[in-house]
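Participant: Let me begin by handing over the structure; questions about it come next.
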Amino acid sequence: MTDWLDALIQGVLLGGLYALFAAGLSLMFGVMRLVNLAHGDLIVLAAFAILTVASTFGLDPFAAVVLAIPILFVVGFVLQHVLLNRTLGRDLLPPLLVTFGLSIIIQNGLLQVFSADSQRLRAGAIETASIPLGGGIAVGVVPLLTLMSAIAVIVFLNFIFYRTPVGRAFRATSDDLEVAQLMGVDVNRIFAVAMGLAFVVIAIAALYLGLRANFDPTIGPARLLYAFEAVIIGGLGSFWGTLAGGIVLGVAQTIGARIDPEWQILAGHLAFLVVLAVRPRGLFPRAQD
Amino acid sequence: MHLLETNKLTAFYGDFQALYGIDMLLDNGETIAIIGANGAGKSTFLKSVAGLIRGAADSVLLDGTPIGARPAADIVKLGIALVPEGRRLFPSLTVEENLLIGGYGRKAAGPWTLDRVYSLFPILRERRSSAPSTLSGGQQQMVAIGRALMSNPRVLLCDEISLGLAPIVIADIYAALPQIKVEGSSVVLVEQDIVKAMKVADRVYCFQEGRLSLAGPPRDLTREQIHRAYFGS
Amino acid sequence: MDDAAARSTQSFRIETAVGSPRATAVAVLIILLALMLLPTFAGRNLIQDLIFLFYMLALAQCWNLLAGYAGLISVGQQAFVGLGGYLLFALTLIAGLNPLLAILLAGLVSALIALPTALIVFRLRGAYFAIGTWVVAEVYRLVFAQVKPLGGGTGTSLTPSVTSSVPGIEWVKTLLDVRAPAARDIVSYWVALALLAGTLAAVYFILRSRRGLALGAIRDHEAAAAGLGVDIYRIKLAVYVATAAMTGMIGALIYLQKARISPDAAFSVLDWTAYVIFIVVIGGIGTMEGPVIGAIVFYLLQRYLADFGASYLILLGTLGIVIMLFAPRGLWGLVADRYDLTLFPTRRRLIIRDREDG
């Protein structure tokens, strides 16, 4: 019994990581209807960026991410403005294929620069610290921080979207691109800001990716799939739904792993397919589409 | 110098030419009306002026400055706002947010604020937190007009603001026009209802198949002239 | 008005073929015959290269039919390549079937499995469909990694008794006086050629059929096509299942030729989807000619640059992006625009002619 309760708790905490992966994807889709096949690779790229900043300046990863965030905001802004804005339109193919190409470029670029070796963000004692909950169950500090950060990111994104002028512009642009321009919204710029913001979320996701486990240049696509599954399970259009989706996925994986360690990933995918079969619009769909 | 002037304005949708050499003038404080049958190019004309369809720079002049090639987001900042056909409110924004986004690009201070729009259309103050889809058609049209006003436009382009509304509601909306003019906006109306258009406009332009078929002050135009300009011979 | 006047003096007719269809058919037959006879004088390296070219082109035609015509942008076609490969291994190693029969059965079973798969992934629209197909491919990979009789996560090899049981090897050995490995390649080459020809023929006839016309309508405007009474769901389903069958057979052939399979290789998104998409995009999506050009370009790049590893892949990714942005209709699109060419007349064109002349 304790074993399963432990699996559930660890699963919820893992869900925090997946919610962080998913929040960026959800933001991109929410504002510019962009489905970014390079999303996982961008998270890995950001992890390497944090690693580089940390080792260059001898910083703690938590400090390094603060330095990396403005850099990644600019990278995201420029990527959208220079490349991805050109792909958006009625045709689905260009954004999909361009981000697919980007995925291959990032993976292989990272392989060339950093080799295929596994890396990890080192944060000292906090990495192994845990809080005992009694009954033989303990939660790691880093997994707990991950979940809390996911919640903080979602609160922050909701604040931006629903309480600020730029958030109004995001939603207006998503509703009606043409009329948004009539309001004086420069959509190319708004999309670039959205991507910059998505990169900030990606940086935070990358921090916890690197703190919780090893990473190497090839693990991006799997992260894309987890992010995507969390978004679909949660239902499109709500950041809180994305958190719920991440948690469902995390719990499915942890419970699968308890049954047989080889089934962890498969169990997550199967949970996704079951949700898709039973509730194709996700668990918490937005009322209007 | 005229406030707004179009100069041999043409417009294309792909290979299809929708407008052929339209010349139009609007002076400060004027209201003009554009009439014509469906597909005559009236909406296309407004979209061209508003920058949604871009053309040659000197095909549209604002205070003599060529703006025909500027994008829509710039045009509204220069002082031309469009109330689009079918209202097209943002469904995921509340009424008040719809009004606020109308002022997104504005730079200078001007007469129009949330309060001023609410005093023009008091019902909107009550519905400020509602989703636009819960409003009546007339109320939605008020939001669309208020949203355009929030940019403090010098030129207000209105596309079929009476379409699909009950006569009494149309009267309410038209009653707001004089107040809008007082605050310094000149108005271009696209209107199916010829009688309505003739009543409020200083000058009327009639389009037929993408061409200007008639122009002049309402009192100078005869029924026959308008009939011919509207339907062709 | 002008239009009405024009209507009375002009006639309309819809044509698919340009030039003489008979000449085209003869040319196709001659090329096919030449390719069939090629092993009598070509070296083993060329034969192996052509096998690779043929199956990549066949995969590209399948993906092009899916994405370029039916608007089903899949990044999970490796699911059916791997499935076909694994089915071949299961049917020959475990069930002891003849490999050629196993290839056919692999196609059939792939189609059967594609049906329930489609029922789930078709719930996702557009771009989400793409990632959904990728998830499905991962599920297939992880499931086959659990199948211990087929080697689990590390994979397995075909036994020599299986690889040498392909019909025709003995015959080729004596007829062409070659050693067994070369004879094996030659038989695989013929199978690859047959599959490629079969795929091309299938795609060609699908596109020329009434359903094919409907596909064009879906690609151009899905809502409008639905409004005209085109049953989009069923047509998309049919295309998805048909390409799964073809892709499964090609996968079976690929792994008969490779004689070794593992989950990571058989369900590789890079090998069986990214390269295939690259071929279609470089050549020109939505045409049958495009993938042919793309496959040849890809083959040359692969042959001369693949040794550069990561840099080569960066180059492919960059090329793909540049083509997508600046020449979205691919190399064939550039050529066809300039010279108004078509090799596979699948498009119908409206011919307007004055009555007096026509």
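Residues in the structure tokens are named by chain (A, B, ... in the order shown) and by number from 1 within that chain; ligands are numbered from 1 in the order shown.
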With the cut-off set at 12 Å and counting only C-alpha atoms, tabulate each residue of chain A with an atom at most that distance from an atom of chain B, showing the nearest atom pair and its distance in Å to one decimal, ordered by chain and increasing number, as CSV.
Facilitator:
residue,atom,partner,partner_atom,distance
A:Gly30,CA,B:Ser92,CA,11.7
A:Phe161,CA,B:Leu93,CA,10.6
A:Tyr162,CA,B:Leu93,CA,9.0
A:Arg163,CA,B:Glu97,CA,9.8
A:Thr164,CA,B:Glu97,CA,10.2
A:Pro165,CA,B:Tyr104,CA,7.4
A:Val166,CA,B:Tyr104,CA,8.8
A:Gly167,CA,B:Ile101,CA,10.1
A:Arg168,CA,B:Ile101,CA,6.7
A:Ala169,CA,B:Ile101,CA,6.9
A:Phe170,CA,B:Ile101,CA,10.4
A:Arg171,CA,B:Ser92,CA,6.8
A:Ala172,CA,B:Phe90,CA,5.8
A:Thr173,CA,B:Phe90,CA,8.7
A:Ser174,CA,B:Phe90,CA,9.0
A:Asp175,CA,B:Phe90,CA,5.9
A:Asp176,CA,B:Phe90,CA,6.8
A:Leu177,CA,B:Phe90,CA,10.0
A:Glu178,CA,B:Leu52,CA,7.4
A:Val179,CA,B:Arg88,CA,7.3
A:Ala180,CA,B:Ala73,CA,8.2
A:Gln181,CA,B:Ala73,CA,4.8
A:Leu182,CA,B:Ala72,CA,5.6
A:Met183,CA,B:Gly102,CA,5.1
A:Gly184,CA,B:Ala73,CA,3.8
A:Val185,CA,B:Ala73,CA,5.5
A:Asp186,CA,B:Ala73,CA,5.6
A:Val187,CA,B:Ala73,CA,8.4
A:Asn188,CA,B:Ala73,CA,10.5
A:Arg189,CA,B:Ala73,CA,10.9
A:Ile190,CA,B:Ala73,CA,11.6
A:Gly237,CA,B:Ser92,CA,10.8
A:Arg286,CA,B:Ser92,CA,10.6
A:Ala287,CA,B:Ser92,CA,10.5
A:Gln288,CA,B:Ser92,CA,8.4
A:Asp289,CA,B:Ser92,CA,9.3
Participant: At a cut-off of 9 Å, list the chain C residues touching chain A, using only C-alpha atoms, as a PyMOL selection string.
Facilitator: chain C and resi 67+71+73+119-121+123-124+126-128+130-132+134-136+138-139+142-143+146+270+274+277-278+281+309-322+324-325+328
Participant: Just write the chosen residues, N, CA and C atoms, as a compact mmCIF listing (two decimals), in the first residue's frame.
Facilitator:
# COMPACT_ATOMS: atom_id res chain seq x y z
N ALA C 67 0.72 12.86 -47.07
CA ALA C 67 0.84 14.27 -46.67
C ALA C 67 0.52 15.21 -47.81
N GLY C 71 -3.36 15.24 -47.05
CA GLY C 71 -3.22 16.22 -45.98
C GLY C 71 -2.97 15.57 -44.62
N ILE C 73 -0.36 14.71 -42.41
CA ILE C 73 1.07 14.89 -42.20
C ILE C 73 1.49 14.00 -41.05
N LEU C 119 -8.18 4.81 -35.96
CA LEU C 119 -9.36 5.23 -35.20
C LEU C 119 -8.94 6.12 -34.02
N ILE C 120 -7.74 5.87 -33.48
CA ILE C 120 -7.28 6.71 -32.37
C ILE C 120 -6.59 7.99 -32.86
N VAL C 121 -5.62 7.85 -33.76
CA VAL C 121 -4.88 9.07 -34.14
C VAL C 121 -5.72 10.03 -34.98
N ARG C 123 -8.39 11.11 -34.21
CA ARG C 123 -9.05 12.05 -33.32
C ARG C 123 -8.24 13.33 -33.19
N LEU C 124 -7.00 13.28 -33.60
CA LEU C 124 -6.15 14.48 -33.55
C LEU C 124 -6.16 15.16 -34.91
N GLY C 126 -4.74 17.92 -37.81
CA GLY C 126 -3.62 18.70 -38.36
C GLY C 126 -2.29 18.37 -37.73
N ALA C 127 -1.69 19.41 -37.14
CA ALA C 127 -0.35 19.27 -36.60
C ALA C 127 -0.32 18.28 -35.44
N TYR C 128 -1.41 18.21 -34.69
CA TYR C 128 -1.44 17.27 -33.56
C TYR C 128 -1.48 15.83 -34.04
N ALA C 130 0.22 14.81 -36.46
CA ALA C 130 1.62 14.50 -36.73
C ALA C 130 2.29 13.92 -35.49
N ILE C 131 2.17 14.62 -34.37
CA ILE C 131 2.85 14.13 -33.16
C ILE C 131 2.18 12.85 -32.66
N GLY C 132 0.86 12.75 -32.84
CA GLY C 132 0.16 11.54 -32.43
C GLY C 132 0.70 10.31 -33.13
N TRP C 134 3.61 9.91 -34.17
CA TRP C 134 4.95 9.66 -33.62
C TRP C 134 4.82 8.87 -32.31
N VAL C 135 3.85 9.27 -31.48
CA VAL C 135 3.61 8.53 -30.24
C VAL C 135 3.29 7.07 -30.56
N VAL C 136 2.45 6.86 -31.58
CA VAL C 136 2.07 5.49 -31.94
C VAL C 136 3.32 4.69 -32.34
N GLU C 138 6.29 5.13 -31.32
CA GLU C 138 7.03 4.84 -30.09
C GLU C 138 6.39 3.68 -29.35
N VAL C 139 5.06 3.65 -29.34
CA VAL C 139 4.37 2.54 -28.68
C VAL C 139 4.74 1.23 -29.36
N LEU C 142 8.28 0.29 -28.35
CA LEU C 142 8.39 -0.21 -26.98
C LEU C 142 7.74 -1.58 -26.84
N VAL C 143 6.66 -1.83 -27.58
CA VAL C 143 6.02 -3.14 -27.51
C VAL C 143 6.93 -4.21 -28.11
N GLN C 146 9.60 -5.55 -26.06
CA GLN C 146 9.19 -6.50 -25.01
C GLN C 146 9.04 -7.92 -25.54
N LEU C 270 14.46 9.03 -37.73
CA LEU C 270 15.39 9.66 -38.67
C LEU C 270 15.42 8.89 -39.99
N ALA C 274 12.27 11.07 -41.27
CA ALA C 274 12.94 12.34 -41.57
C ALA C 274 13.55 12.32 -42.97
N ILE C 277 10.74 12.44 -45.55
CA ILE C 277 10.17 13.77 -45.69
C ILE C 277 11.12 14.67 -46.46
N PHE C 278 12.41 14.52 -46.14
CA PHE C 278 13.42 15.31 -46.85
C PHE C 278 13.32 15.07 -48.35
N VAL C 281 10.15 16.75 -49.74
CA VAL C 281 10.19 18.21 -49.72
C VAL C 281 11.20 18.75 -50.72
N GLY C 309 28.61 12.53 -40.90
CA GLY C 309 27.82 12.32 -39.69
C GLY C 309 26.94 13.50 -39.32
N ALA C 310 27.21 14.07 -38.16
CA ALA C 310 26.35 15.14 -37.63
C ALA C 310 26.29 16.33 -38.59
N SER C 311 27.42 16.70 -39.19
CA SER C 311 27.41 17.86 -40.10
C SER C 311 26.51 17.58 -41.29
N TYR C 312 26.53 16.33 -41.75
CA TYR C 312 25.69 15.95 -42.88
C TYR C 312 24.22 16.14 -42.53
N LEU C 313 23.86 15.71 -41.31
CA LEU C 313 22.46 15.84 -40.90
C LEU C 313 22.08 17.31 -40.73
N ILE C 314 23.01 18.11 -40.22
CA ILE C 314 22.74 19.55 -40.11
C ILE C 314 22.50 20.13 -41.51
N LEU C 315 23.30 19.66 -42.46
CA LEU C 315 23.13 20.14 -43.84
C LEU C 315 21.75 19.74 -44.38
N LEU C 316 21.36 18.49 -44.15
CA LEU C 316 20.04 18.04 -44.64
C LEU C 316 18.92 18.88 -44.02
N GLY C 317 19.01 19.08 -42.70
CA GLY C 317 17.98 19.87 -42.02
C GLY C 317 17.90 21.28 -42.59
N THR C 318 19.08 21.88 -42.80
CA THR C 318 19.12 23.25 -43.31
C THR C 318 18.56 23.31 -44.73
N LEU C 319 18.98 22.34 -45.56
CA LEU C 319 18.47 22.30 -46.94
C LEU C 319 16.95 22.19 -46.95
N GLY C 320 16.45 21.30 -46.10
CA GLY C 320 15.00 21.11 -46.04
C GLY C 320 14.29 22.40 -45.68
N ILE C 321 14.81 23.11 -44.68
CA ILE C 321 14.19 24.37 -44.25
C ILE C 321 14.25 25.40 -45.36
N VAL C 322 15.40 25.51 -46.00
CA VAL C 322 15.56 26.52 -47.05
C VAL C 322 14.58 26.25 -48.20
N MET C 324 11.77 24.55 -48.04
CA MET C 324 10.40 24.78 -47.56
C MET C 324 10.05 26.27 -47.58
N LEU C 325 11.04 27.11 -47.23
CA LEU C 325 10.76 28.54 -47.14
C LEU C 325 10.79 29.22 -48.50
N PRO C 328 8.76 26.21 -51.89
CA PRO C 328 7.93 25.21 -51.22
C PRO C 328 7.44 24.11 -52.14
Participant: Kindly give the distance, in Å, that separates atom CA of His39 of chain A and atom CA of Ala198 of chain A, rounded to a single decimal.
Facilitator: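 Between these atoms lies a distance of 9.9 Å.
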Participant: Given only C-alpha atoms as the basis, pick out the residue of B:Gly21, B:Gly146, B:Pro167, B:Gly68 nearest to Leu120 of chain B.
Facilitator: B:Gly146
Participant: Any idea what's packed within 7 Å of Ala244 of chain C, counting only C-alpha atoms, ignoring anything in its chain fewer than 5 positions away? Could you give it as a tab-separated table (two decimals) with all heavy atoms, in the first residue's frame?
Facilitator:
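Output (around-v4.tsv):
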chain	number	residue	atom	x	y	z
C	80	PHE	N	5.22	1.72	-39.40
C	80	PHE	CA	4.86	0.65	-40.33
C	80	PHE	C	6.09	0.02	-40.98
C	80	PHE	O	6.06	-1.14	-41.36
C	80	PHE	CB	3.86	1.16	-41.36
C	80	PHE	CG	2.57	1.57	-40.69
C	80	PHE	CD1	2.21	2.90	-40.56
C	80	PHE	CD2	1.75	0.61	-40.11
C	80	PHE	CE1	1.05	3.27	-39.90
C	80	PHE	CE2	0.58	0.97	-39.45
C	80	PHE	CZ	0.24	2.30	-39.34
C	110	SER	N	-0.07	-5.21	-41.61
C	110	SER	CA	0.13	-3.78	-41.35
C	110	SER	C	-1.17	-3.02	-41.58
C	110	SER	O	-1.54	-2.14	-40.80
C	110	SER	CB	1.22	-3.20	-42.26
C	110	SER	OG	2.45	-3.81	-41.96
C	111	ALA	N	-1.85	-3.37	-42.67
C	111	ALA	CA	-3.13	-2.70	-42.96
C	111	ALA	C	-4.14	-2.98	-41.86
C	111	ALA	O	-4.85	-2.07	-41.41
C	111	ALA	CB	-3.66	-3.17	-44.31
C	114	ALA	N	-3.23	-0.98	-38.94
C	114	ALA	CA	-3.38	0.46	-39.20
C	114	ALA	C	-4.81	0.92	-38.93
C	114	ALA	O	-5.04	2.07	-38.56
C	114	ALA	CB	-2.99	0.77	-40.65
Participant: How many Å lie between atom CA of Ile32 of chain B and atom CA of Tyr205 of chain B, rounded to one decimal?
Facilitator: 7.6 Å
Participant: Mind listing the alpha helix (DSSP H) residues of segment 29-179 of chain B, per DSSP on the backbone, as a PyMOL selection string?
Facilitator: chain B and resi 42-50+72-78+95-102+114-120+122-126+137-149+167-175+177-179
Participant: What lies within 7 Å of segment 201-208 of chain C using only C-alpha atoms, ignoring chain neighbours under 4 positions off, as a ChimeraX atom specification?
Facilitator: /C:65,197,212-213,346
Participant: Give me, as a PyMOL selection string, all polymer residues having an atom no more than 9 Å from segment 147-151 of chain C, counting only C-alpha atoms and skipping those fewer than 6 positions away in the same chain.
Facilitator: chain C and resi 86+89-90+93-94+157+261-262
Participant: Got time to write the residues from that selection, C-alpha atoms, as a compact mmCIF listing (two decimals), in the first residue's frame?
Facilitator:
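Result file follows (selection_18.txt):
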# COMPACT_ATOMS: atom_id res chain seq x y z
CA TYR C 86 9.27 -7.30 -37.40
CA PHE C 89 11.11 -11.75 -38.83
CA ALA C 90 8.21 -13.25 -36.91
CA LEU C 93 11.80 -17.18 -37.93
CA ILE C 94 8.85 -18.28 -35.81
CA SER C 157 19.14 -11.66 -36.91
CA ILE C 261 16.57 -5.99 -36.80
CA SER C 262 16.37 -4.06 -33.53
Participant: Counting only C-alpha atoms, what is within 8 Å of Ala40 of chain B, bar same-chain residues fewer than 6 positions away, as a list in words?
Facilitator: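 What passes the distance filter is Phe207, Gln208, Glu209, Gly210 and Arg211 of chain B.
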Participant: Can you measure atom CA of Leu124 of chain B to atom CA of Leu189 of chain B for me? One decimal in Å is fine.
Facilitator: 22.7 Å
Participant: Residues near Leu51 of chain A, anyone? I mean within 12 Å using only C-alpha atoms, not counting same-chain ones fewer than 3 positions away, as a ChimeraX atom specification.
Facilitator: /A:44-48,54-65,67-68,114,118-123,203,206-211,214-216
